[in-house]
$ cat run21.cif   # mmCIF, C-alpha atoms
data_work
#
loop_
_atom_site.group_PDB
_atom_site.id
_atom_site.type_symbol
_atom_site.label_atom_id
_atom_site.label_comp_id
_atom_site.auth_asym_id
_atom_site.auth_seq_id
_atom_site.Cartn_x
_atom_site.Cartn_y
_atom_site.Cartn_z
ATOM 1 C CA MET A 1 24.277 -2.183 -15.819
ATOM 2 C CA ALA A 2 23.807 0.975 -17.914
ATOM 3 C CA ASP A 3 26.383 1.518 -20.681
ATOM 4 C CA ALA A 4 27.086 4.231 -23.215
ATOM 5 C CA GLY A 5 26.554 1.908 -26.171
ATOM 6 C CA LEU A 6 23.063 1.011 -25.016
ATOM 7 C CA TYR A 7 22.148 4.639 -24.496
ATOM 8 C CA GLU A 8 23.243 5.560 -27.996
ATOM 9 C CA ARG A 9 21.162 2.730 -29.446
ATOM 10 C CA ILE A 10 17.981 3.584 -27.598
ATOM 11 C CA LYS A 11 18.374 7.354 -28.040
ATOM 12 C CA ALA A 12 18.173 6.742 -31.789
ATOM 13 C CA TYR A 13 14.474 5.961 -31.265
ATOM 14 C CA GLU A 14 13.714 9.573 -30.388
ATOM 15 C CA GLY A 15 11.317 11.056 -32.933
ATOM 16 C CA ARG A 16 10.106 7.679 -34.155
ATOM 17 C CA SER A 17 6.465 6.680 -34.084
ATOM 18 C CA ALA A 18 4.868 5.014 -31.087
ATOM 19 C CA VAL A 19 1.325 4.957 -32.534
ATOM 20 C CA THR A 20 0.133 5.889 -36.011
ATOM 21 C CA GLY A 21 -3.516 6.313 -36.911
ATOM 22 C CA GLY A 22 -4.865 5.388 -33.490
ATOM 23 C CA GLU A 23 -8.615 5.709 -32.900
ATOM 24 C CA GLY A 24 -10.614 5.913 -29.700
ATOM 25 C CA ARG A 25 -12.733 2.807 -29.121
ATOM 26 C CA ASP A 26 -15.846 4.881 -28.384
ATOM 27 C CA PRO A 27 -16.986 8.377 -29.260
ATOM 28 C CA VAL A 28 -17.193 10.931 -26.507
ATOM 29 C CA ASN A 29 -20.473 10.048 -24.777
ATOM 30 C CA SER A 30 -22.709 11.294 -21.975
ATOM 31 C CA PRO A 31 -22.859 8.064 -19.895
ATOM 32 C CA MET A 32 -19.058 7.920 -19.625
ATOM 33 C CA ILE A 33 -18.933 11.616 -18.718
ATOM 34 C CA ARG A 34 -21.530 11.061 -15.988
ATOM 35 C CA HIS A 35 -19.805 7.972 -14.576
ATOM 36 C CA TRP A 36 -16.420 9.698 -14.533
ATOM 37 C CA CYS A 37 -17.846 12.760 -12.804
ATOM 38 C CA GLU A 38 -19.610 10.627 -10.174
ATOM 39 C CA ALA A 39 -16.446 8.617 -9.488
ATOM 40 C CA LEU A 40 -14.280 11.737 -9.163
ATOM 41 C CA GLY A 41 -16.834 13.862 -7.314
ATOM 42 C CA HIS A 42 -16.757 16.353 -10.192
ATOM 43 C CA PRO A 43 -19.909 18.223 -11.234
ATOM 44 C CA VAL A 44 -21.167 17.305 -14.684
ATOM 45 C CA PRO A 45 -20.554 20.378 -16.903
ATOM 46 C CA ALA A 46 -23.758 22.265 -17.578
ATOM 47 C CA ASP A 47 -23.152 22.266 -21.334
ATOM 48 C CA GLY A 48 -22.711 18.470 -21.405
ATOM 49 C CA SER A 49 -19.057 18.618 -22.490
ATOM 50 C CA ALA A 50 -16.423 16.305 -21.063
ATOM 51 C CA PRO A 51 -14.241 17.686 -18.253
ATOM 52 C CA ALA A 52 -10.861 18.526 -19.759
ATOM 53 C CA THR A 53 -9.008 16.050 -17.535
ATOM 54 C CA MET A 54 -10.970 13.190 -19.146
ATOM 55 C CA LEU A 55 -8.690 13.585 -22.180
ATOM 56 C CA GLN A 56 -6.933 10.235 -21.707
ATOM 57 C CA VAL A 57 -10.223 8.346 -21.241
ATOM 58 C CA TRP A 58 -11.032 8.568 -24.956
ATOM 59 C CA THR A 59 -7.736 6.927 -26.024
ATOM 60 C CA MET A 60 -7.580 4.066 -23.508
ATOM 61 C CA ALA A 61 -7.404 0.649 -25.147
ATOM 62 C CA GLY A 62 -9.145 -1.316 -22.381
ATOM 63 C CA LEU A 63 -8.358 -4.949 -21.625
ATOM 64 C CA PRO A 64 -7.620 -5.949 -25.260
ATOM 65 C CA GLY A 65 -4.660 -3.548 -25.324
ATOM 66 C CA HIS A 66 -3.436 -1.324 -28.118
ATOM 67 C CA GLY A 67 -3.343 -3.025 -31.493
ATOM 68 C CA ASP A 68 -2.086 0.145 -33.162
ATOM 69 C CA ARG A 69 1.218 0.487 -31.301
ATOM 70 C CA SER A 70 4.161 0.842 -33.665
ATOM 71 C CA GLY A 71 7.142 -1.424 -34.149
ATOM 72 C CA PRO A 72 9.758 1.133 -32.990
ATOM 73 C CA TYR A 73 8.170 1.486 -29.549
ATOM 74 C CA ASP A 74 8.114 -2.267 -29.016
ATOM 75 C CA GLU A 75 11.701 -2.476 -30.266
ATOM 76 C CA LEU A 76 12.792 0.191 -27.780
ATOM 77 C CA LEU A 77 11.218 -1.615 -24.836
ATOM 78 C CA GLY A 78 12.558 -4.938 -26.082
ATOM 79 C CA ALA A 79 16.116 -3.587 -26.258
ATOM 80 C CA LEU A 80 15.851 -2.426 -22.654
ATOM 81 C CA ASP A 81 14.396 -5.755 -21.541
ATOM 82 C CA ALA A 82 17.264 -7.611 -23.196
ATOM 83 C CA ALA A 83 19.776 -5.391 -21.384
ATOM 84 C CA GLY A 84 18.234 -6.201 -17.982
ATOM 85 C CA PHE A 85 15.988 -3.156 -17.615
ATOM 86 C CA THR A 86 12.918 -5.323 -17.181
ATOM 87 C CA ALA A 87 10.839 -3.318 -14.704
ATOM 88 C CA VAL A 88 8.639 -0.343 -15.513
ATOM 89 C CA VAL A 89 6.841 2.289 -13.499
ATOM 90 C CA ALA A 90 4.781 5.247 -14.697
ATOM 91 C CA THR A 91 6.191 8.489 -13.316
ATOM 92 C CA ASP A 92 4.090 11.414 -14.545
ATOM 93 C CA CYS A 93 2.001 12.842 -17.340
ATOM 94 C CA GLU A 94 1.381 16.293 -18.790
ATOM 95 C CA GLN A 95 -1.731 17.325 -20.705
ATOM 96 C CA GLU A 96 -2.675 20.314 -22.830
ATOM 97 C CA TYR A 97 -6.331 20.988 -23.631
ATOM 98 C CA LEU A 98 -7.101 22.866 -26.853
ATOM 99 C CA ARG A 99 -10.903 22.733 -26.873
ATOM 100 C CA PRO A 100 -13.738 21.024 -24.957
ATOM 101 C CA LEU A 101 -14.830 17.589 -26.152
ATOM 102 C CA ARG A 102 -18.540 17.011 -26.615
ATOM 103 C CA PRO A 103 -20.704 13.898 -27.030
ATOM 104 C CA GLY A 104 -20.370 12.531 -30.538
ATOM 105 C CA ASP A 105 -16.757 13.645 -31.057
ATOM 106 C CA ARG A 106 -14.587 10.826 -32.354
ATOM 107 C CA ILE A 107 -10.981 10.982 -31.240
ATOM 108 C CA ALA A 108 -8.019 9.965 -33.391
ATOM 109 C CA PHE A 109 -4.402 10.208 -32.325
ATOM 110 C CA ASP A 110 -0.772 9.683 -33.201
ATOM 111 C CA ALA A 111 2.068 9.218 -30.734
ATOM 112 C CA VAL A 112 5.788 9.728 -30.984
ATOM 113 C CA ILE A 113 8.762 8.702 -28.828
ATOM 114 C CA GLU A 114 9.659 12.223 -27.779
ATOM 115 C CA SER A 115 12.704 11.628 -25.566
ATOM 116 C CA VAL A 116 14.901 8.985 -23.966
ATOM 117 C CA SER A 117 16.925 10.168 -20.988
ATOM 118 C CA PRO A 118 20.501 9.230 -20.123
ATOM 119 C CA PRO A 119 20.714 6.523 -17.439
ATOM 120 C CA LYS A 120 19.433 7.751 -14.080
ATOM 121 C CA ALA A 121 20.054 6.199 -10.667
ATOM 122 C CA THR A 122 16.867 5.992 -8.584
ATOM 123 C CA LYS A 123 15.866 4.210 -5.399
ATOM 124 C CA LEU A 124 14.081 1.622 -7.541
ATOM 125 C CA GLY A 125 17.198 1.019 -9.604
ATOM 126 C CA THR A 126 19.085 2.536 -12.532
ATOM 127 C CA GLY A 127 16.998 3.114 -15.629
ATOM 128 C CA TYR A 128 15.937 5.339 -18.486
ATOM 129 C CA PHE A 129 13.021 7.786 -18.565
ATOM 130 C CA ILE A 130 11.032 7.386 -21.790
ATOM 131 C CA THR A 131 8.568 10.103 -22.769
ATOM 132 C CA THR A 132 5.918 9.632 -25.432
ATOM 133 C CA ARG A 133 3.789 12.473 -26.787
ATOM 134 C CA MET A 134 0.290 11.766 -28.031
ATOM 135 C CA ASP A 135 -1.414 14.329 -30.276
ATOM 136 C CA LEU A 136 -5.201 14.041 -30.269
ATOM 137 C CA ARG A 137 -7.551 15.355 -32.926
ATOM 138 C CA CYS A 138 -11.202 15.333 -33.846
ATOM 139 C CA ALA A 139 -11.472 15.108 -37.626
ATOM 140 C CA ALA A 140 -8.516 17.315 -38.663
ATOM 141 C CA GLU A 141 -8.759 19.655 -35.668
ATOM 142 C CA PRO A 142 -6.192 19.301 -32.845
ATOM 143 C CA VAL A 143 -7.961 18.936 -29.487
ATOM 144 C CA GLY A 144 -5.179 18.121 -27.020
ATOM 145 C CA THR A 145 -1.738 16.762 -26.251
ATOM 146 C CA HIS A 146 -0.803 14.088 -23.734
ATOM 147 C CA ARG A 147 2.766 13.386 -22.608
ATOM 148 C CA PHE A 148 3.325 10.178 -20.673
ATOM 149 C CA ARG A 149 6.609 9.301 -18.982
ATOM 150 C CA ILE A 150 7.793 5.951 -17.694
ATOM 151 C CA LEU A 151 10.963 4.723 -16.013
ATOM 152 C CA LYS A 152 12.281 1.488 -17.524
ATOM 153 C CA TYR A 153 14.743 0.217 -14.946
ATOM 154 C CA ALA A 154 16.785 -2.673 -13.628
ATOM 155 C CA PRO A 155 15.267 -3.367 -10.201
ATOM 156 C CA VAL A 156 17.517 -3.268 -7.167
ATOM 157 C CA HIS A 157 17.045 -6.477 -5.228
ATOM 158 C CA ARG A 158 17.198 -5.446 -1.608
ATOM 159 C CA LYS A 159 15.865 -7.793 0.985
ATOM 160 C CA ALA A 160 15.237 -5.514 3.913
ATOM 161 C CA PRO A 161 14.559 -7.228 7.200
ATOM 162 C CA ALA A 162 10.834 -7.515 7.746
ATOM 163 C CA LYS A 163 9.505 -5.034 10.258
ATOM 164 C CA ARG A 164 6.997 -6.255 12.767
ATOM 165 C CA PRO A 165 3.600 -4.589 12.313
ATOM 166 C CA ARG A 166 3.041 -1.581 14.555
ATOM 167 C CA PRO A 167 0.116 -1.535 16.993
ATOM 168 C CA VAL A 168 -2.665 0.931 16.259
ATOM 169 C CA VAL A 169 -2.413 3.613 18.930
ATOM 170 C CA ASN A 170 -5.352 5.975 19.384
ATOM 171 C CA ARG A 171 -6.788 8.237 22.076
ATOM 172 C CA ASP A 172 -8.619 5.314 23.706
ATOM 173 C CA ASN A 173 -5.573 3.068 24.180
ATOM 174 C CA ALA A 174 -2.636 5.489 24.233
ATOM 175 C CA GLY A 175 -2.377 5.168 28.022
ATOM 176 C CA PHE A 176 -1.888 1.422 27.733
ATOM 177 C CA TRP A 177 0.979 1.783 25.260
ATOM 178 C CA ASP A 178 2.538 4.540 27.366
ATOM 179 C CA GLY A 179 2.576 2.030 30.223
ATOM 180 C CA VAL A 180 4.134 -0.664 28.034
ATOM 181 C CA SER A 181 6.917 1.733 27.070
ATOM 182 C CA ARG A 182 7.647 1.973 30.836
ATOM 183 C CA ARG A 183 7.374 -1.852 31.080
ATOM 184 C CA GLU A 184 4.113 -1.668 33.004
ATOM 185 C CA LEU A 185 0.950 -3.557 32.075
ATOM 186 C CA LEU A 186 -1.946 -1.231 32.953
ATOM 187 C CA ILE A 187 -5.537 -2.427 33.235
ATOM 188 C CA GLN A 188 -8.469 -0.043 33.243
ATOM 189 C CA ARG A 189 -10.802 -0.079 36.250
ATOM 190 C CA CYS A 190 -14.225 1.580 36.328
ATOM 191 C CA THR A 191 -14.370 4.056 39.232
ATOM 192 C CA HIS A 192 -18.148 3.565 39.491
ATOM 193 C CA CYS A 193 -18.438 -0.244 39.763
ATOM 194 C CA ALA A 194 -14.742 -1.204 40.125
ATOM 195 C CA THR A 195 -14.918 -3.627 37.152
ATOM 196 C CA PRO A 196 -11.544 -4.166 35.491
ATOM 197 C CA ARG A 197 -11.520 -4.194 31.715
ATOM 198 C CA PHE A 198 -9.162 -5.133 28.921
ATOM 199 C CA PRO A 199 -8.621 -4.215 26.150
ATOM 200 C CA TRP A 200 -8.991 -0.539 26.918
ATOM 201 C CA LEU A 201 -12.385 0.985 26.125
ATOM 202 C CA PRO A 202 -13.792 4.514 26.469
ATOM 203 C CA GLY A 203 -16.561 3.322 28.815
ATOM 204 C CA CYS A 204 -17.426 0.483 31.187
ATOM 205 C CA ASP A 205 -19.183 -2.409 29.463
ATOM 206 C CA ARG A 206 -20.889 -3.419 32.739
ATOM 207 C CA CYS A 207 -22.390 -0.181 34.067
ATOM 208 C CA GLY A 208 -21.690 2.269 31.252
ATOM 209 C CA GLY A 209 -19.592 4.513 33.491
ATOM 210 C CA GLN A 210 -17.273 6.924 31.720
ATOM 211 C CA GLU A 211 -14.770 7.470 34.539
ATOM 212 C CA TRP A 212 -11.887 5.109 35.202
ATOM 213 C CA ASP A 213 -8.452 4.705 36.691
ATOM 214 C CA THR A 214 -5.731 2.114 36.121
ATOM 215 C CA VAL A 215 -4.330 -0.854 37.985
ATOM 216 C CA ARG A 216 -0.818 -2.153 37.376
ATOM 217 C CA ALA A 217 -1.063 -5.883 36.657
ATOM 218 C CA SER A 218 0.954 -8.200 38.851
ATOM 219 C CA GLY A 219 1.965 -10.187 35.776
ATOM 220 C CA SER A 220 0.737 -13.585 36.974
ATOM 221 C CA GLY A 221 -1.694 -15.516 34.825
ATOM 222 C CA THR A 222 -2.645 -18.808 33.237
ATOM 223 C CA VAL A 223 -3.210 -19.874 29.655
ATOM 224 C CA TYR A 224 -6.969 -19.756 29.071
ATOM 225 C CA SER A 225 -6.743 -20.767 25.396
ATOM 226 C CA TYR A 226 -4.175 -20.859 22.622
ATOM 227 C CA VAL A 227 -3.567 -21.494 18.928
ATOM 228 C CA VAL A 228 -0.410 -22.578 17.108
ATOM 229 C CA MET A 229 0.098 -20.637 13.887
ATOM 230 C CA HIS A 230 1.508 -22.592 10.957
ATOM 231 C CA HIS A 231 0.040 -20.840 7.920
ATOM 232 C CA PRO A 232 -0.057 -18.370 6.282
ATOM 233 C CA PRO A 233 3.437 -17.049 6.935
ATOM 234 C CA PHE A 234 3.716 -13.313 7.657
ATOM 235 C CA PRO A 235 6.810 -11.131 7.336
ATOM 236 C CA ALA A 236 8.644 -10.722 10.669
ATOM 237 C CA PHE A 237 7.052 -13.919 12.053
ATOM 238 C CA ASP A 238 8.608 -17.372 11.940
ATOM 239 C CA PRO A 239 6.005 -20.145 12.106
ATOM 240 C CA PRO A 240 5.137 -22.281 13.899
ATOM 241 C CA TYR A 241 4.533 -20.146 16.971
ATOM 242 C CA ALA A 242 1.937 -20.054 19.726
ATOM 243 C CA VAL A 243 -0.493 -17.220 20.383
ATOM 244 C CA VAL A 244 -2.110 -17.433 23.815
ATOM 245 C CA LEU A 245 -5.115 -15.951 25.534
ATOM 246 C CA VAL A 246 -3.937 -15.360 29.095
ATOM 247 C CA GLU A 247 -6.253 -14.936 32.051
ATOM 248 C CA LEU A 248 -4.538 -12.511 34.417
ATOM 249 C CA ALA A 249 -4.812 -12.647 38.185
ATOM 250 C CA GLU A 250 -6.808 -9.388 38.013
ATOM 251 C CA GLY A 251 -9.626 -11.168 36.128
ATOM 252 C CA VAL A 252 -9.137 -9.914 32.577
ATOM 253 C CA ARG A 253 -7.781 -11.748 29.542
ATOM 254 C CA MET A 254 -5.326 -10.609 26.906
ATOM 255 C CA VAL A 255 -3.774 -12.023 23.734
ATOM 256 C CA ALA A 256 0.014 -12.264 23.518
ATOM 257 C CA ASN A 257 2.912 -14.453 22.490
ATOM 258 C CA VAL A 258 4.340 -17.039 24.864
ATOM 259 C CA THR A 259 8.048 -17.684 25.394
ATOM 260 C CA GLY A 260 10.183 -20.187 27.231
ATOM 261 C CA VAL A 261 8.309 -23.215 25.941
ATOM 262 C CA PRO A 262 8.047 -24.977 22.532
ATOM 263 C CA CYS A 263 4.829 -24.088 20.772
ATOM 264 C CA ASP A 264 3.692 -27.733 20.767
ATOM 265 C CA LYS A 265 4.051 -27.901 24.578
ATOM 266 C CA VAL A 266 1.707 -25.024 25.416
ATOM 267 C CA ARG A 267 -1.272 -26.227 27.451
ATOM 268 C CA ILE A 268 -4.483 -24.738 28.809
ATOM 269 C CA GLY A 269 -4.038 -23.924 32.485
ATOM 270 C CA MET A 270 -0.264 -23.505 32.182
ATOM 271 C CA PRO A 271 0.979 -20.784 34.547
ATOM 272 C CA VAL A 272 2.760 -17.866 32.891
ATOM 273 C CA GLU A 273 4.497 -14.696 34.020
ATOM 274 C CA LEU A 274 4.547 -11.317 32.281
ATOM 275 C CA GLU A 275 7.732 -10.030 30.718
ATOM 276 C CA PHE A 276 8.521 -7.378 28.136
ATOM 277 C CA THR A 277 10.494 -7.839 24.954
ATOM 278 C CA GLY A 278 12.089 -5.138 22.847
ATOM 279 C CA VAL A 279 11.185 -5.980 19.247
ATOM 280 C CA ASP A 280 13.293 -3.116 17.875
ATOM 281 C CA SER A 281 14.388 0.365 18.898
ATOM 282 C CA GLU A 282 10.821 1.655 18.495
ATOM 283 C CA LEU A 283 8.631 -1.160 19.775
ATOM 284 C CA THR A 284 8.288 -2.980 23.101
ATOM 285 C CA LEU A 285 5.622 -5.643 23.568
ATOM 286 C CA PRO A 286 4.247 -7.531 26.572
ATOM 287 C CA VAL A 287 4.675 -11.327 26.294
ATOM 288 C CA PHE A 288 4.253 -14.215 28.733
ATOM 289 C CA ARG A 289 6.884 -16.719 29.780
ATOM 290 C CA ALA A 290 5.984 -20.214 30.939
ATOM 291 C CA LYS A 291 6.663 -20.562 34.695
ATOM 292 C CA GLU A 292 7.229 -24.297 34.683
ATOM 293 C CA GLU A 293 9.581 -26.577 32.805
ATOM 294 C CA VAL A 294 7.780 -28.502 30.065
#

$ encode --input "run21.cif" --output "structure tokens"
Amino acid sequence: MADAGLYERIKAYEGRSAVTGGEGRDPVNSPMIRHWCEALGHPVPADGSAPATMLQVWTMAGLPGHGDRSGPYDELLGALDAAGFTAVVATDCEQEYLRPLRPGDRIAFDAVIESVSPPKATKLGTGYFITTRMDLRCAAEPVGTHRFRILKYAPVHRKAPAKRPRPVVNRDNAGFWDGVSRRELLIQRCTHCATPRFPWLPGCDRCGGQEWDTVRASGSGTVYSYVVMHHPPFPAFDPPYAVVLVELAEGVRMVANVTGVPCDKVRIGMPVELEFTGVDSELTLPVFRAKEEV
């Protein structure tokens, strides 16, 4: 979408004003310094001055937006919008600090369109990097410089196939997922009171015992409860579909999907049999197939 004619037109904006005679909405003040320091975990300077990296705080326009932005900057962005470069993302900023700012200082600033890059191909899409330079002053004294760079780009519309959410694997349940990768459904069993448990837990919820072994489930079970999901839709899922709570022959219950039966035909008490499905090259999940024709 980028073309040489467009680049020549927008490059002509280099050196033109982005803001003239801008003024900070509030003077440098102690409450804002304290709030900023608390939010960032930064100690409040002993002399009461503002941390240098607060420089941009004193020029922010807030929700009303900048009323002092110049015509050339709006024209530049408008030309890119008209050419299809409608998306924008901030990429980086550079700051130079010339002296500490103290409560009572009133900040004024001017900004200039410093540079417009040739078209660049990025993963987001092809676009132009636009850099503005803001020169800050207190009275007539320069106090800092802020360069802000954005990418104005034509978004690439890629519809990647939705990836099913990954299970959270931690030290307490890693053994279960290791078993699933071998197409085994492993149930914990307390070695003190022999109580089976699922999902996996670090200790027995009956006797509090910390030692356990595993039992390989036979795979037989019945539907104890179920719900049919219609809304909201989630990526990688195609509603309506049934989610079942299965009571296994070993006496524990687990949540899974059910296959081999329409979602509106699932019933409490329906016998099911364990099977494993490969969602993708990285993920295998246990599911349950209805054992009877419905």

$ atom_distance --input "run21.cif" --atom1 "CA of Asp105 (chain A)" --atom2 "CA of Leu40 (chain A)"
22.1 Å

$ residues_around --input "run21.cif" --residues "Gly260 (chain A)" --least-positions-apart "4" --cutoff "12 Å" --atoms "all atoms listed in the file" --output "PDB file with C-alpha atoms, in the coordinates of the input"
ATOM      1  CA  TYR A 241       4.533 -20.146  16.971  1.00  0.00           C
ATOM      2  CA  ALA A 242       1.937 -20.054  19.726  1.00  0.00           C
ATOM      3  CA  ASP A 264       3.692 -27.733  20.767  1.00  0.00           C
ATOM      4  CA  LYS A 265       4.051 -27.901  24.578  1.00  0.00           C
ATOM      5  CA  VAL A 266       1.707 -25.024  25.416  1.00  0.00           C
ATOM      6  CA  PRO A 271       0.979 -20.784  34.547  1.00  0.00           C
ATOM      7  CA  VAL A 272       2.760 -17.866  32.891  1.00  0.00           C
ATOM      8  CA  GLU A 273       4.497 -14.696  34.020  1.00  0.00           C
ATOM      9  CA  LEU A 274       4.547 -11.317  32.281  1.00  0.00           C
ATOM     10  CA  GLU A 275       7.732 -10.030  30.718  1.00  0.00           C
ATOM     11  CA  VAL A 287       4.675 -11.327  26.294  1.00  0.00           C
ATOM     12  CA  PHE A 288       4.253 -14.215  28.733  1.00  0.00           C
ATOM     13  CA  ARG A 289       6.884 -16.719  29.780  1.00  0.00           C
ATOM     14  CA  ALA A 290       5.984 -20.214  30.939  1.00  0.00           C
ATOM     15  CA  LYS A 291       6.663 -20.562  34.695  1.00  0.00           C
ATOM     16  CA  GLU A 292       7.229 -24.297  34.683  1.00  0.00           C
ATOM     17  CA  GLU A 293       9.581 -26.577  32.805  1.00  0.00           C
ATOM     18  CA  VAL A 294       7.780 -28.502  30.065  1.00  0.00           C
TER      19      VAL A 294
END

$ resolve_selection --input "run21.cif" --expression "the PyMOL selection byres ((chain A and resi 14) around 10)" --output "NGL selection string"
:A and (10-13 or 15-18 or 72-73 or 76 or 112-117 or 130-132)

$ residues_near_point --input "run21.cif" --point "(-1.4, -0.4, 36.4)" --cutoff "8 Å" --atoms "all atoms listed in the file" --output "list in words"
Gly179, Glu184, Leu185, Leu186, Ile187, Gln188, Thr214, Val215, Arg216 and Ala217 of chain A

$ resolve_selection --input "run21.cif" --expression "the PyMOL selection byres ((chain A and resi 227-234) around 12)" --output "ChimeraX atom specification"
/A:162-165,223-226,235-246,255-258,262-268

$ residues_around --input "run21.cif" --residues "Val19 (chain A)" --least-positions-apart "5" --cutoff "9 Å" --atoms "all atoms listed in the file" --output "ChimeraX atom specification"
/A:68-71,73,109-112,134

$ resolve_selection --input "run21.cif" --expression "the PyMOL selection byres ((chain A and resi 103) around 9)" --output "list in words"
Pro27, Val28, Asn29, Ser30, Ile33, Gly48, Ser49, Ala50, Leu101, Arg102, Gly104, Asp105 and Arg106 of chain A

$ axis_aligned_box --input "run21.cif" --around "region 249-259 of chain A" --padding-each-side "8 Å" --output "JSON"
{"center_x": -0.8, "center_y": -13.5, "center_z": 30.3, "size_x": 33.7, "size_y": 24.3, "size_z": 31.7}

$ atom_distance --input "run21.cif" --atom1 "CA of Arg182 (chain A)" --atom2 "CA of Ser218 (chain A)"
14.6 Å

$ decode --input "run21.cif" --residues "region 77-91 of chain A" --atoms "N, CA and C atoms" --output "PDB file, in the first residue's frame"
ATOM      1  N   LEU A  77      -1.300  13.050  10.026  1.00  0.00           N
ATOM      2  CA  LEU A  77      -2.026  11.832  10.396  1.00  0.00           C
ATOM      3  C   LEU A  77      -3.224  11.612   9.476  1.00  0.00           C
ATOM      4  N   GLY A  78      -3.877  12.694   9.086  1.00  0.00           N
ATOM      5  CA  GLY A  78      -5.021  12.570   8.188  1.00  0.00           C
ATOM      6  C   GLY A  78      -4.622  12.038   6.819  1.00  0.00           C
ATOM      7  N   ALA A  79      -3.467  12.475   6.308  1.00  0.00           N
ATOM      8  CA  ALA A  79      -2.995  11.976   5.017  1.00  0.00           C
ATOM      9  C   ALA A  79      -2.723  10.481   5.081  1.00  0.00           C
ATOM     10  N   LEU A  80      -2.172  10.027   6.196  1.00  0.00           N
ATOM     11  CA  LEU A  80      -1.905   8.593   6.349  1.00  0.00           C
ATOM     12  C   LEU A  80      -3.203   7.808   6.500  1.00  0.00           C
ATOM     13  N   ASP A  81      -4.151   8.359   7.240  1.00  0.00           N
ATOM     14  CA  ASP A  81      -5.455   7.692   7.363  1.00  0.00           C
ATOM     15  C   ASP A  81      -6.101   7.521   5.989  1.00  0.00           C
ATOM     16  N   ALA A  82      -6.064   8.581   5.189  1.00  0.00           N
ATOM     17  CA  ALA A  82      -6.711   8.542   3.883  1.00  0.00           C
ATOM     18  C   ALA A  82      -6.049   7.524   2.961  1.00  0.00           C
ATOM     19  N   ALA A  83      -4.752   7.261   3.181  1.00  0.00           N
ATOM     20  CA  ALA A  83      -4.037   6.302   2.347  1.00  0.00           C
ATOM     21  C   ALA A  83      -4.163   4.873   2.865  1.00  0.00           C
ATOM     22  N   GLY A  84      -4.923   4.672   3.946  1.00  0.00           N
ATOM     23  CA  GLY A  84      -5.133   3.319   4.471  1.00  0.00           C
ATOM     24  C   GLY A  84      -4.288   2.961   5.662  1.00  0.00           C
ATOM     25  N   PHE A  85      -3.443   3.901   6.116  1.00  0.00           N
ATOM     26  CA  PHE A  85      -2.590   3.632   7.279  1.00  0.00           C
ATOM     27  C   PHE A  85      -3.340   4.113   8.529  1.00  0.00           C
ATOM     28  N   THR A  86      -4.343   3.365   8.897  1.00  0.00           N
ATOM     29  CA  THR A  86      -5.319   3.823   9.892  1.00  0.00           C
ATOM     30  C   THR A  86      -4.997   3.414  11.317  1.00  0.00           C
ATOM     31  N   ALA A  87      -4.073   2.495  11.502  1.00  0.00           N
ATOM     32  CA  ALA A  87      -3.761   1.999  12.845  1.00  0.00           C
ATOM     33  C   ALA A  87      -2.519   2.704  13.378  1.00  0.00           C
ATOM     34  N   VAL A  88      -2.423   2.777  14.706  1.00  0.00           N
ATOM     35  CA  VAL A  88      -1.280   3.439  15.316  1.00  0.00           C
ATOM     36  C   VAL A  88      -0.867   2.677  16.562  1.00  0.00           C
ATOM     37  N   VAL A  89       0.432   2.623  16.785  1.00  0.00           N
ATOM     38  CA  VAL A  89       0.948   2.029  18.011  1.00  0.00           C
ATOM     39  C   VAL A  89       2.170   2.833  18.433  1.00  0.00           C
ATOM     40  N   ALA A  90       2.255   3.144  19.732  1.00  0.00           N
ATOM     41  CA  ALA A  90       3.441   3.814  20.253  1.00  0.00           C
ATOM     42  C   ALA A  90       4.586   2.805  20.299  1.00  0.00           C
ATOM     43  N   THR A  91       5.772   3.239  19.916  1.00  0.00           N
ATOM     44  CA  THR A  91       6.898   2.299  19.860  1.00  0.00           C
ATOM     45  C   THR A  91       7.956   2.579  20.920  1.00  0.00           C
TER      46      THR A  91
END
